[in-house]
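Notes follow the structure.
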Amino acid sequence: MKKMEFTDELAIFLPSVGRSCLSLFFERKADRFTKEDIERIERFFPIVHGLHQAHTRTLMTAMHSAAHAPASFQDRPAAIFDRHGKLVYSTPKWRQLAEADVALRNIEWSLSYDEIRQQLADGALPFRGMELDCMNSIAPGGLLLHHIGEGVMDSEAGERASSSIVDQLTPRERDIIALTLDGFSTGAIAQRLRISKGSVKNRRLRIYRKLDVSSERELVTALMPFANQLKWQLANLKLRTLPCNASEDE
């Protein structure tokens with residue numbers, strides 16, 4: 001403090017966004033801040049907070065309409081993460097899916113920034129990512145994720161699509177689909193079903209042929225608009241039938 005030629009310092013920290021927050025620092029060249037000074041700034045704080053919230057909303061609106069952002073950003077699952085991989089903002093459709101989708105919650109709570117980027121590069125997530133520059137006021141150095149599918153189907157259409165999928169699959173293929181939608185890896189699926197990784201991969205190839213897709217990313221993308229209805233039907237079907245064994249799937 002002596003080297004910087006001030007005698008006292010007072011800071012205002014605004015509510016954190018992800019693991020980042022804006023702060024304002026006040027310094028005095030002589031003496032110290034009095035109790036009256038602190039009370040004055042405390043009374044002033046709601047105004048600063050309100051301006052900060054208005055500024056954030058303005059930035060978010062600008063991002064929605066920016067040329068590089070998806071045209072239907074608000075109409076599909078989308079979220080912004082800070083440089084540590086912590087959720088900063090999400091659209092209503094993202095939150096709607098996250099309520100029932102373990103895979104989305106896993107992205108929100110478990111993955112680091114580097115892990116999210118790696119899964120995007122590997123095609124393991126049905127999202128496109130846009131990196132935010134270090135001067136971005138919402139999430140400096142963060143990441144914008146948006147779903148590459150068509151959004152969420154209405155209940156009736158989702159049930160019809162789910163029934164069509166379920167009718168094409170064997171019991172073991174249904175198990176694999178359900179666990180895939182919950183975000184489990186090939187190894188984790190094999191462990192839970194007590195089969196080999198090779199068996200999981202072979203059955204996945206059959207699923208791809210039946211549903212006319214060529215990768216796990218395409219599969220999840222195709223199913224995501226009605227994922228909740230599909231998982232509900234698979235769970236109910238599982239309750240009504242005995243656990244399948246390896247011979248039943250052949």
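In the structure tokens, chains take the letters A, B, ... in the order shown, each chain's residues start at 1, and ligands count up from 1 in the order shown.
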Legend entry - Exercise: Leu14 (chain A) partners within 7 Å, only C-alpha atoms, chain neighbours under 3 positions left out, as a PyMOL selection string: chain A and resi 21-23+49
Inset, instruction - Quick one: pull the distance between CA of Lys29 (chain A) and CA of Glu5 (chain A), Å, one decimal. - result: 6.5 Å
Legend entry - Closest of A:Asp175, A:Glu9, A:Asp182, A:Glu115 to Ala98 (chain A) - atom-to-atom distances counting only C-alpha atoms: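 With only C-alpha atoms as the atom set, the closest residue is A:Asp182.
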Legend entry - Residue contacts of region 193-206 of chain A (10 Å, only C-alpha atoms) excluding same-chain residues fewer than 2 positions away, as JSON, numbers by chain: {"A": [169, 170, 172, 173, 175, 176, 177, 179, 180, 185, 186, 187, 188, 189, 190, 191, 208, 209, 210, 211, 212, 213, 214, 215, 216, 219, 244, 245, 246, 249]}
Those same residues, written as a compact mmCIF listing (two decimals), in the first residue's frame with N, CA and C atoms?
```txt
# COMPACT_ATOMS: atom_id res chain seq x y z
N LEU A 169 -35.93 -52.16 -31.57
CA LEU A 169 -34.77 -52.59 -30.80
C LEU A 169 -35.02 -53.86 -30.00
N THR A 170 -33.95 -54.63 -29.82
CA THR A 170 -34.00 -55.78 -28.92
C THR A 170 -33.87 -55.28 -27.47
N ARG A 172 -31.60 -55.86 -25.22
CA ARG A 172 -30.25 -55.41 -24.90
C ARG A 172 -29.92 -54.08 -25.59
N GLU A 173 -30.40 -53.90 -26.81
CA GLU A 173 -30.18 -52.64 -27.51
C GLU A 173 -30.89 -51.49 -26.80
N ASP A 175 -31.36 -51.33 -23.57
CA ASP A 175 -30.52 -51.03 -22.41
C ASP A 175 -29.38 -50.10 -22.81
N ILE A 176 -28.75 -50.40 -23.93
CA ILE A 176 -27.60 -49.61 -24.39
C ILE A 176 -28.04 -48.20 -24.75
N ILE A 177 -29.18 -48.07 -25.43
CA ILE A 177 -29.70 -46.75 -25.77
C ILE A 177 -29.96 -45.94 -24.50
N LEU A 179 -28.70 -46.21 -21.45
CA LEU A 179 -27.46 -45.83 -20.76
C LEU A 179 -26.67 -44.80 -21.55
N THR A 180 -26.72 -44.89 -22.88
CA THR A 180 -26.06 -43.89 -23.73
C THR A 180 -26.67 -42.52 -23.51
N SER A 185 -20.23 -44.07 -20.70
CA SER A 185 -19.26 -44.44 -21.74
C SER A 185 -19.43 -45.92 -22.10
N THR A 186 -18.75 -46.34 -23.17
CA THR A 186 -18.81 -47.74 -23.59
C THR A 186 -18.38 -48.67 -22.46
N GLY A 187 -17.27 -48.33 -21.80
CA GLY A 187 -16.78 -49.16 -20.70
C GLY A 187 -17.75 -49.24 -19.55
N ALA A 188 -18.36 -48.10 -19.20
CA ALA A 188 -19.33 -48.08 -18.09
C ALA A 188 -20.57 -48.88 -18.43
N ILE A 189 -21.01 -48.80 -19.70
CA ILE A 189 -22.18 -49.58 -20.13
C ILE A 189 -21.88 -51.07 -20.04
N ALA A 190 -20.70 -51.46 -20.51
CA ALA A 190 -20.31 -52.87 -20.46
C ALA A 190 -20.29 -53.37 -19.02
N GLN A 191 -19.79 -52.55 -18.13
CA GLN A 191 -19.69 -52.94 -16.72
C GLN A 191 -21.08 -53.09 -16.09
N TYR A 208 -27.08 -48.44 -34.98
CA TYR A 208 -26.82 -47.43 -36.00
C TYR A 208 -27.50 -47.80 -37.32
N ARG A 209 -27.39 -49.09 -37.70
CA ARG A 209 -27.99 -49.52 -38.97
C ARG A 209 -29.51 -49.40 -38.92
N LYS A 210 -30.09 -49.78 -37.80
CA LYS A 210 -31.56 -49.72 -37.67
C LYS A 210 -32.08 -48.28 -37.70
N LEU A 211 -31.32 -47.36 -37.10
CA LEU A 211 -31.79 -45.98 -36.98
C LEU A 211 -31.16 -45.06 -38.01
N ASP A 212 -30.39 -45.64 -38.93
CA ASP A 212 -29.80 -44.90 -40.05
C ASP A 212 -28.90 -43.76 -39.58
N VAL A 213 -28.01 -44.08 -38.64
CA VAL A 213 -26.98 -43.13 -38.22
C VAL A 213 -25.63 -43.84 -38.30
N SER A 214 -24.54 -43.09 -38.17
CA SER A 214 -23.23 -43.70 -38.35
C SER A 214 -22.29 -43.49 -37.17
N SER A 215 -22.74 -42.80 -36.12
CA SER A 215 -21.87 -42.57 -34.98
C SER A 215 -22.71 -42.31 -33.73
N GLU A 216 -22.04 -42.36 -32.58
CA GLU A 216 -22.75 -42.09 -31.32
C GLU A 216 -23.25 -40.65 -31.29
N LEU A 219 -26.35 -40.47 -33.28
CA LEU A 219 -27.41 -41.17 -32.56
C LEU A 219 -28.03 -40.26 -31.49
N CYS A 244 -33.12 -59.20 -19.50
CA CYS A 244 -32.72 -60.07 -20.62
C CYS A 244 -31.35 -60.67 -20.37
N ASN A 245 -31.12 -61.83 -20.94
CA ASN A 245 -29.78 -62.41 -20.89
C ASN A 245 -29.21 -62.39 -22.29
N ALA A 246 -27.99 -62.83 -22.44
CA ALA A 246 -27.29 -62.72 -23.73
C ALA A 246 -28.01 -63.47 -24.83
N ASP A 249 -30.97 -61.81 -26.83
CA ASP A 249 -30.68 -60.72 -27.76
C ASP A 249 -30.33 -61.22 -29.15
```
Inset, instruction - Determine which residues of region 159-215 of chain A DSSP labels as helix (DSSP H, G or I) from the backbone of this structure, then write them out as a VMD selection string. - result: chain A and resid 159 to 168 171 to 181 186 to 193 197 to 211
Could you write those residues out with C-alpha atoms, as a PDB file, in the first residue's frame?
```
ATOM      1  CA  GLU A 159     -44.184 -40.387 -27.733  1.00  0.00           C
ATOM      2  CA  ARG A 160     -44.772 -41.448 -31.348  1.00  0.00           C
ATOM      3  CA  ALA A 161     -41.082 -41.137 -32.188  1.00  0.00           C
ATOM      4  CA  SER A 162     -40.116 -43.010 -28.999  1.00  0.00           C
ATOM      5  CA  SER A 163     -42.511 -45.880 -29.748  1.00  0.00           C
ATOM      6  CA  SER A 164     -41.088 -46.192 -33.256  1.00  0.00           C
ATOM      7  CA  ILE A 165     -37.550 -46.465 -31.865  1.00  0.00           C
ATOM      8  CA  VAL A 166     -38.466 -48.923 -29.100  1.00  0.00           C
ATOM      9  CA  ASP A 167     -40.263 -51.247 -31.547  1.00  0.00           C
ATOM     10  CA  GLN A 168     -37.099 -51.625 -33.632  1.00  0.00           C
ATOM     11  CA  PRO A 171     -34.047 -55.695 -25.097  1.00  0.00           C
ATOM     12  CA  ARG A 172     -30.250 -55.405 -24.901  1.00  0.00           C
ATOM     13  CA  GLU A 173     -30.181 -52.636 -27.510  1.00  0.00           C
ATOM     14  CA  ARG A 174     -32.773 -50.754 -25.467  1.00  0.00           C
ATOM     15  CA  ASP A 175     -30.524 -51.030 -22.413  1.00  0.00           C
ATOM     16  CA  ILE A 176     -27.605 -49.609 -24.388  1.00  0.00           C
ATOM     17  CA  ILE A 177     -29.702 -46.749 -25.768  1.00  0.00           C
ATOM     18  CA  ALA A 178     -30.964 -45.848 -22.278  1.00  0.00           C
ATOM     19  CA  LEU A 179     -27.463 -45.833 -20.763  1.00  0.00           C
ATOM     20  CA  THR A 180     -26.059 -43.891 -23.726  1.00  0.00           C
ATOM     21  CA  LEU A 181     -28.684 -41.180 -23.234  1.00  0.00           C
ATOM     22  CA  THR A 186     -18.814 -47.740 -23.587  1.00  0.00           C
ATOM     23  CA  GLY A 187     -16.775 -49.161 -20.704  1.00  0.00           C
ATOM     24  CA  ALA A 188     -19.327 -48.083 -18.093  1.00  0.00           C
ATOM     25  CA  ILE A 189     -22.181 -49.578 -20.126  1.00  0.00           C
ATOM     26  CA  ALA A 190     -20.308 -52.871 -20.458  1.00  0.00           C
ATOM     27  CA  GLN A 191     -19.693 -52.937 -16.719  1.00  0.00           C
ATOM     28  CA  ARG A 192     -23.316 -52.203 -15.802  1.00  0.00           C
ATOM     29  CA  LEU A 193     -24.692 -54.791 -18.247  1.00  0.00           C
ATOM     30  CA  LYS A 197     -16.890 -53.684 -24.529  1.00  0.00           C
ATOM     31  CA  GLY A 198     -16.854 -55.540 -27.853  1.00  0.00           C
ATOM     32  CA  SER A 199     -20.434 -56.671 -27.295  1.00  0.00           C
ATOM     33  CA  VAL A 200     -21.505 -53.107 -26.595  1.00  0.00           C
ATOM     34  CA  LYS A 201     -19.769 -51.873 -29.766  1.00  0.00           C
ATOM     35  CA  ASN A 202     -21.297 -54.650 -31.904  1.00  0.00           C
ATOM     36  CA  ARG A 203     -24.793 -53.943 -30.646  1.00  0.00           C
ATOM     37  CA  ARG A 204     -24.246 -50.228 -31.175  1.00  0.00           C
ATOM     38  CA  LEU A 205     -23.435 -50.925 -34.825  1.00  0.00           C
ATOM     39  CA  ARG A 206     -26.748 -52.775 -35.131  1.00  0.00           C
ATOM     40  CA  ILE A 207     -28.521 -49.810 -33.550  1.00  0.00           C
ATOM     41  CA  TYR A 208     -26.818 -47.431 -36.002  1.00  0.00           C
ATOM     42  CA  ARG A 209     -27.991 -49.522 -38.969  1.00  0.00           C
ATOM     43  CA  LYS A 210     -31.559 -49.719 -37.674  1.00  0.00           C
ATOM     44  CA  LEU A 211     -31.786 -45.979 -36.976  1.00  0.00           C
TER      45      LEU A 211
END
```
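The shortest atom-to-atom distance to Lys231 (chain A), with only C-alpha atoms taken into account, belongs to A:Leu97 out of A:Leu97, A:Glu27, A:Pro15, A:Asp122.
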Legend entry - Test item: residues at most 12 Å from His84 (chain A), only C-alpha atoms, excluding those fewer than 2 positions along its chain, as a PyMOL selection string: chain A and resi 17-20+80-82+86-88+107-117+139-143
Legend entry - Atom-to-atom span, CA of Phe127 (chain A) and CA of His146 (chain A), Å: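 Distance between the two atoms: 5.4 Å.
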Legend entry - Top pick for closest residue to Glu42 (chain A), considering A:Glu99, A:Ile12, A:His55, A:Tyr89 and counting only C-alpha atoms: A:Ile12
Legend entry - Nearest candidate to Gly183 (chain A) (options A:Lys93, A:Arg217, A:Arg40, A:His52; using only C-alpha atoms): A:Arg217
